[in-house]
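Shown here: protein.txt, compact mmCIF, C-alpha atoms.
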```
# COMPACT_ATOMS: atom_id res chain seq x y z
CA MET A 1 55.03 22.98 11.11
CA THR A 2 54.22 19.34 10.47
CA ASP A 3 56.80 16.95 9.00
CA THR A 4 54.72 16.50 5.85
CA PRO A 5 52.75 19.19 4.03
CA PRO A 6 48.97 18.98 3.84
CA PRO A 7 47.84 16.62 1.05
CA THR A 8 46.99 18.03 -2.36
CA THR A 9 44.14 15.60 -2.98
CA PRO A 10 40.66 17.03 -3.64
CA ILE A 11 39.15 18.60 -0.56
CA GLU A 12 36.46 16.73 1.32
CA PRO A 13 35.15 19.20 3.91
CA LYS A 14 33.80 17.72 7.11
CA PRO A 15 30.31 18.67 8.22
CA VAL A 16 30.43 21.19 11.04
CA GLN A 17 29.12 19.83 14.32
CA PRO A 18 27.25 22.48 16.33
CA HIS A 19 28.98 21.58 19.60
CA ALA A 20 32.35 20.49 18.23
CA ASP A 21 35.47 21.52 20.06
CA GLN A 22 36.43 25.02 18.90
CA ASP A 23 40.13 24.24 18.77
CA GLN A 24 39.50 21.26 16.50
CA LEU A 25 37.27 23.34 14.23
CA MET A 26 40.02 25.93 13.92
CA LEU A 27 42.59 23.26 13.13
CA ASP A 28 40.32 21.61 10.57
CA GLU A 29 39.79 24.96 8.84
CA THR A 30 43.53 25.63 8.80
CA VAL A 31 44.24 22.26 7.19
CA THR A 32 41.43 22.75 4.66
CA ILE A 33 42.83 26.15 3.64
CA GLY A 34 46.23 24.56 3.07
CA GLN A 35 44.69 21.85 0.91
CA ARG A 36 42.78 24.46 -1.05
CA LEU A 37 45.87 26.54 -1.72
CA ASP A 38 47.90 23.48 -2.72
CA LEU A 39 45.15 22.64 -5.19
CA CYS A 40 45.19 26.16 -6.64
CA LEU A 41 48.96 26.07 -7.10
CA ALA A 42 48.81 22.70 -8.85
CA ASP A 43 45.67 23.19 -10.98
CA ALA A 44 46.45 24.47 -14.51
CA ASP A 45 42.84 25.54 -15.08
CA LEU A 46 42.50 27.56 -11.89
CA GLY A 47 45.88 29.27 -12.14
CA PRO A 48 45.15 31.75 -14.95
CA LEU A 49 41.73 32.69 -13.57
CA LEU A 50 43.13 33.37 -10.11
CA THR A 51 46.10 35.29 -11.51
CA ALA A 52 43.70 37.58 -13.33
CA ARG A 53 42.16 38.41 -9.96
CA GLY A 54 45.48 39.16 -8.32
CA PHE A 55 46.22 35.75 -6.86
CA ASN A 56 49.24 34.60 -8.81
CA ALA A 57 51.54 31.84 -7.60
CA ALA A 58 53.57 34.20 -5.41
CA ARG A 59 50.48 35.49 -3.61
CA LEU A 60 49.15 31.99 -3.16
CA GLN A 61 52.52 30.96 -1.71
CA ALA A 62 52.27 33.89 0.69
CA GLY A 63 48.91 32.59 1.86
CA LEU A 64 50.33 29.12 2.20
CA ALA A 65 53.14 30.53 4.34
CA LEU A 66 50.49 31.99 6.67
CA GLN A 67 48.85 28.58 6.82
CA VAL A 68 52.15 26.85 7.67
CA THR A 69 52.83 29.44 10.37
CA THR A 70 49.39 28.82 11.82
CA LEU A 71 50.01 25.07 11.92
CA ASP A 72 53.32 25.78 13.67
CA LYS A 73 51.44 27.79 16.29
CA PHE A 74 48.91 24.98 16.75
CA ASN A 75 51.73 22.51 17.35
CA LEU A 76 53.52 24.85 19.75
CA ARG A 77 50.31 25.38 21.69
CA THR A 78 49.66 21.63 21.87
CA ARG A 79 53.09 21.09 23.39
CA ALA A 80 52.68 24.04 25.77
CA MET A 81 49.31 22.82 27.01
CA ALA A 82 50.66 19.29 27.47
CA ALA A 83 53.53 20.72 29.53
CA ALA A 84 51.04 22.67 31.65
CA ASP A 85 48.95 19.54 32.20
CA GLY A 86 52.05 17.61 33.24
CA ALA A 87 53.09 20.39 35.61
CA ALA A 88 49.60 20.41 37.14
CA GLU A 89 49.88 16.68 37.81
CA GLN A 90 53.23 17.24 39.50
CA VAL A 91 51.66 19.90 41.74
CA GLY A 92 48.90 17.50 42.69
CA ALA A 93 51.35 14.75 43.57
CA ALA A 94 53.59 17.10 45.55
CA ASP A 95 50.57 18.54 47.39
CA THR A 96 49.34 15.08 48.37
CA LEU A 97 52.78 14.07 49.66
CA ALA A 98 53.31 17.27 51.66
CA ARG A 99 49.85 17.17 53.22
CA GLY A 100 50.23 13.53 54.16
CA ARG A 101 53.55 14.12 55.92
CA PHE A 102 52.22 17.25 57.59
CA GLN A 103 49.11 15.52 58.89
CA GLU A 104 51.16 12.83 60.59
CA VAL A 105 53.23 15.43 62.44
CA ARG A 106 50.19 17.56 63.27
CA ASP A 107 48.17 14.63 64.61
CA THR A 108 51.08 13.62 66.84
CA CYS A 109 51.44 17.18 68.12
CA ARG A 110 47.73 17.36 68.88
CA ALA A 111 47.96 14.14 70.84
CA LEU A 112 50.96 15.35 72.89
CA PHE A 113 50.56 19.10 73.30
CA LYS A 114 47.12 19.94 74.61
CA THR A 115 47.46 23.26 76.38
CA ALA A 116 46.06 26.38 74.77
CA ALA A 117 49.55 27.93 74.71
CA ASP A 118 51.03 24.90 72.91
CA LYS A 119 48.19 24.80 70.44
CA ARG A 120 48.72 28.47 69.60
CA ALA A 121 52.50 28.04 69.31
CA LEU A 122 52.19 25.00 67.06
CA LEU A 123 49.23 26.36 65.06
CA LEU A 124 47.13 23.33 65.90
CA ASP A 125 43.77 25.06 66.06
CA GLY A 126 41.50 25.29 63.05
CA ARG A 127 41.45 23.36 59.81
CA VAL A 128 44.30 22.92 57.37
CA PRO A 129 43.80 25.47 54.56
CA ASP A 130 43.06 24.24 51.06
CA ASP A 131 44.94 27.20 49.58
CA ARG A 132 48.45 25.96 48.85
CA GLN A 133 50.26 29.17 49.72
CA GLN A 134 48.49 29.34 53.05
CA PHE A 135 49.23 25.66 53.63
CA ILE A 136 52.92 26.14 52.87
CA GLY A 137 53.07 29.09 55.25
CA LEU A 138 51.36 27.08 57.99
CA VAL A 139 53.80 24.18 57.65
CA LEU A 140 56.93 26.33 57.60
CA ASN A 141 55.80 28.33 60.64
CA MET A 142 54.93 25.17 62.55
CA LEU A 143 58.30 23.62 61.71
CA LYS A 144 60.14 26.57 63.22
CA THR A 145 58.41 25.94 66.53
CA VAL A 146 58.25 22.17 66.57
CA ARG A 147 62.04 21.94 66.16
CA LEU A 148 62.52 23.68 69.48
CA LYS A 149 63.98 21.27 72.01
CA SER A 150 60.98 21.56 74.31
CA TYR A 151 58.85 19.98 71.57
CA SER A 152 61.28 17.93 69.50
CA ASP A 153 62.46 15.77 72.39
CA GLN A 154 58.92 14.61 73.10
CA LEU A 155 58.15 14.10 69.42
CA VAL A 156 61.18 11.84 69.02
CA GLU A 157 60.00 9.79 71.99
CA PHE A 158 56.68 9.24 70.24
CA GLY A 159 58.00 8.47 66.79
CA VAL A 160 58.46 11.81 65.01
CA THR A 161 62.18 12.24 64.40
CA GLY A 162 64.22 15.13 63.08
CA THR A 163 64.59 13.17 59.86
CA GLN A 164 60.83 13.12 59.46
CA LEU A 165 60.63 16.86 60.05
CA ASP A 166 63.33 17.37 57.44
CA ALA A 167 61.37 15.17 55.04
CA LEU A 168 58.29 17.32 55.63
CA GLU A 169 60.24 20.47 54.87
CA GLN A 170 61.66 18.87 51.72
CA ALA A 171 58.14 17.94 50.62
CA VAL A 172 57.01 21.53 51.10
CA ASP A 173 60.02 22.79 49.14
CA ALA A 174 59.14 20.36 46.36
CA LEU A 175 55.56 21.65 46.40
CA LYS A 176 56.77 25.25 46.10
CA ALA A 177 59.01 24.28 43.17
CA ALA A 178 56.17 22.40 41.46
CA GLU A 179 53.87 25.39 41.91
CA MET A 180 56.45 27.70 40.33
CA GLU A 181 56.97 25.32 37.41
CA TYR A 182 53.22 25.08 36.87
CA THR A 183 52.83 28.87 36.91
CA GLN A 184 55.52 29.17 34.26
CA ALA A 185 53.99 26.38 32.15
CA TYR A 186 50.49 27.86 32.49
CA THR A 187 51.76 31.29 31.42
CA ALA A 188 53.53 29.73 28.44
CA GLY A 189 50.29 27.99 27.49
CA LEU A 190 48.38 31.28 27.58
CA ARG A 191 51.03 32.94 25.44
CA ALA A 192 50.99 30.05 22.96
CA THR A 193 47.19 30.30 22.75
CA GLU A 194 47.36 34.03 22.04
CA GLU A 195 49.97 33.48 19.32
CA ARG A 196 47.93 30.67 17.78
CA ASN A 197 44.80 32.80 17.78
CA ALA A 198 46.62 35.72 16.18
CA ALA A 199 48.09 33.53 13.45
CA TYR A 200 44.72 31.91 12.79
CA ALA A 201 42.99 35.29 12.61
CA ALA A 202 45.55 36.54 10.07
CA LEU A 203 45.10 33.39 7.98
CA VAL A 204 41.30 33.56 8.05
CA ASP A 205 41.40 37.25 7.09
CA TRP A 206 43.70 36.53 4.13
CA HIS A 207 41.61 33.55 3.08
CA GLY A 208 38.40 35.56 3.26
CA THR A 209 39.69 37.95 0.59
CA PHE A 210 41.02 35.06 -1.48
CA ALA A 211 37.75 33.12 -1.29
CA ALA A 212 35.66 36.11 -2.31
CA LEU A 213 37.84 36.83 -5.36
CA ALA A 214 38.20 33.15 -6.26
CA LYS A 215 34.42 32.90 -6.44
CA VAL A 216 34.38 35.91 -8.77
CA ALA A 217 37.14 34.35 -10.87
CA THR A 218 35.23 31.06 -11.27
CA LYS A 219 31.70 32.44 -11.59
CA ASP A 220 31.52 31.26 -15.22
CA ARG A 221 33.20 27.94 -14.40
CA PRO A 222 31.11 26.20 -11.75
CA ASP A 223 33.15 23.06 -12.31
CA LEU A 224 36.28 24.90 -11.12
CA GLU A 225 34.50 26.52 -8.19
CA ALA A 226 33.30 23.07 -7.19
CA ARG A 227 36.91 21.92 -6.96
CA LEU A 228 37.60 24.56 -4.35
CA LYS A 229 34.71 23.38 -2.14
CA PHE A 230 34.09 26.68 -0.37
```

Show how you would write the structure in this file as structure tokens.
Amino acid sequence: MTDTPPPTTPIEPKPVQPHADQDQLMLDETVTIGQRLDLCLADADLGPLLTARGFNAARLQAGLALQVTTLDKFNLRTRAMAAADGAAEQVGAADTLARGRFQEVRDTCRALFKTAADKRALLLDGRVPDDRQQFIGLVLNMLKTVRLKSYSDQLVEFGVTGTQLDALEQAVDALKAAEMEYTQAYTAGLRATEERNAAYAALVDWHGTFAALAKVATKDRPDLEARLKF
């Protein structure tokens, strides 16, 4: 729900653009319905005609409540999608950091440990996977081996310390946490979208009945129908 209700000024519908963003079209329609219902509640000429067709003030208020709920769902979805976007950025940053630290360790290992047995033990063959879960598994498995004294002593001699290995593990842990947070935020965004769509569908269904009967109610008063701007 917005801090201020939709304005009650006469409705000026925007022309529909054939390739306009669907979310914006839905929001525009929701706002327009609210303006229309505010107008009906405030207009002394429209009130009696609509009441005669079953749309008294209480029923109009019920429709307006649907409209307010729909706006609430739009706002909730906007926040949820923004949170998901922020979480995605955090994943990207964590991924870049972890891969950078890993590559430094891997390149050093490749320079020092050249036998086939060492390469197999340290998982040095092949390319680094793009898939994050596979990448995380690769790093954690390599760390188990590279911390063995037979490898770690040589790595320290050539500039890769235990502190650096710990920093790599911390970067991978941060990446796992960022991935989990993104999954939760993405799921929340999907749920918010479903709730928004359901609220909008209920509003549009209610408004469809209202619009049809309002046109019947004002068929002899084109000036009043013009105010509604269907």

(request) Find the residue from A:Gln164, A:Gln170, A:Asn197, A:Ser152 that sits nearest to A:Thr69; use all atoms listed in the file when measuring. (result) A:Asn197

(message) Which residues are close to A:Gly34, i.e. within 7 Å by only C-alpha atoms, leaving aside same-chain residues fewer than 3 positions away? Reply as a ChimeraX atom specification.
(response) /A:6,30-31,37-38,64,67

(message) Need the shell around stretch 146-149 of chain A: protein/DNA/RNA residues with any atom at most 9 Å away, counting only C-alpha atoms. Skip same-chain ones fewer than 4 positions apart. Format as number ranges by chain?
(response) A: 109, 121-122, 141-142, 153-155, 162, 165

(request) Name the closest residue to A:Gly189 among the candidates A:Thr145, A:Thr78, A:Thr209, A:Gln22; distances are taken between atoms, counting all atoms listed in the file. (result)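 Smallest distance to A:Gly189 is found for A:Thr78.
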
(message) When you count all atoms listed in the file, which of these residues is closest to A:Leu224: A:Ala98, A:Leu39, A:Ala58, A:Val128?
(response) A:Leu39

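The nearest approach to A:Leu49 among the residues A:Phe230, A:Arg132, A:Ala214, A:Asp223, with only C-alpha atoms taken into account, belongs to A:Ala214.
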
(request) Go through A:Arg127, A:Arg106, A:Arg101, A:Arg77 one by one, measure the shortest atom-to-atom distance of each to A:Tyr186 using all atoms listed in the file, and give the residue with the smallest value. (result)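 Of A:Arg127, A:Arg106, A:Arg101, A:Arg77, the one nearest A:Tyr186 is A:Arg77, counting all atoms listed in the file.
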
(message) Using Å and a single decimal, report how far atom CA of A:Tyr182 sits from atom CA of A:Ala88.
(response)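 These atoms are spaced 5.9 Å apart.
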
(message) Could you tell me how far atom CA of A:Arg79 sits from atom CA of A:Val172, in Å to one decimal place?
(response) 28.0 Å

(request) Compare A:Met180, A:Leu138, A:Gln133, A:Leu50 by their minimum atom-to-atom distance to A:Ala84, counting all atoms listed in the file, and give me the closest one. (result)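 Among A:Met180, A:Leu138, A:Gln133, A:Leu50, it is A:Met180 that comes nearest to A:Ala84.
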
(request) List every protein, DNA or RNA residue that has at least one atom no more than 9 Å from (42.0, 33.5, 7.3) in the file's coordinates, counting all atoms listed in the file, and write the result as a list in words. (result)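 Output: Glu29, Thr30, Ile33, Gly63, Leu66, Gln67, Ala199, Tyr200, Ala201, Ala202, Leu203, Val204, Asp205, Trp206, His207, Gly208, Thr209 and Phe210 of chain A.
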
Would you fill out stretch 51-69 of chain A with N, CA and C atoms and return it as a short mmCIF file (atom, residue, chain, number, x, y, z; two decimals), keeping the file's coordinate frame?
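Output contents, as saved in out.cif:
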```cif
data_model
loop_
_atom_site.label_atom_id
_atom_site.label_comp_id
_atom_site.auth_asym_id
_atom_site.auth_seq_id
_atom_site.Cartn_x
_atom_site.Cartn_y
_atom_site.Cartn_z
N THR A 51 45.10 34.26 -11.22
CA THR A 51 46.10 35.29 -11.51
C THR A 51 45.44 36.56 -12.00
N ALA A 52 44.42 36.41 -12.81
CA ALA A 52 43.70 37.58 -13.33
C ALA A 52 43.03 38.37 -12.22
N ARG A 53 42.77 37.73 -11.10
CA ARG A 53 42.16 38.41 -9.96
C ARG A 53 43.17 38.75 -8.86
N GLY A 54 44.43 38.73 -9.24
CA GLY A 54 45.48 39.16 -8.32
C GLY A 54 46.12 38.08 -7.49
N PHE A 55 45.66 36.84 -7.66
CA PHE A 55 46.22 35.75 -6.86
C PHE A 55 47.08 34.85 -7.74
N ASN A 56 48.28 35.40 -8.06
CA ASN A 56 49.24 34.60 -8.81
C ASN A 56 49.92 33.62 -7.86
N ALA A 57 50.89 32.88 -8.40
CA ALA A 57 51.54 31.84 -7.60
C ALA A 57 52.24 32.43 -6.38
N ALA A 58 52.86 33.60 -6.54
CA ALA A 58 53.57 34.20 -5.41
C ALA A 58 52.60 34.57 -4.28
N ARG A 59 51.44 35.11 -4.64
CA ARG A 59 50.48 35.49 -3.61
C ARG A 59 49.87 34.25 -2.95
N LEU A 60 49.65 33.23 -3.74
CA LEU A 60 49.15 31.99 -3.16
C LEU A 60 50.19 31.37 -2.21
N GLN A 61 51.46 31.46 -2.59
CA GLN A 61 52.52 30.96 -1.71
C GLN A 61 52.57 31.76 -0.41
N ALA A 62 52.30 33.06 -0.51
CA ALA A 62 52.27 33.89 0.69
C ALA A 62 51.15 33.43 1.63
N GLY A 63 50.01 33.11 1.05
CA GLY A 63 48.91 32.59 1.86
C GLY A 63 49.26 31.25 2.46
N LEU A 64 49.93 30.42 1.69
CA LEU A 64 50.33 29.12 2.20
C LEU A 64 51.34 29.26 3.34
N ALA A 65 52.19 30.29 3.25
CA ALA A 65 53.14 30.53 4.34
C ALA A 65 52.39 30.90 5.62
N LEU A 66 51.31 31.68 5.50
CA LEU A 66 50.49 31.99 6.67
C LEU A 66 49.88 30.71 7.25
N GLN A 67 49.46 29.83 6.36
CA GLN A 67 48.85 28.58 6.82
C GLN A 67 49.88 27.70 7.55
N VAL A 68 51.10 27.64 7.02
CA VAL A 68 52.15 26.85 7.67
C VAL A 68 52.50 27.44 9.04
N THR A 69 52.56 28.78 9.09
CA THR A 69 52.83 29.44 10.37
C THR A 69 51.73 29.12 11.38
#
```
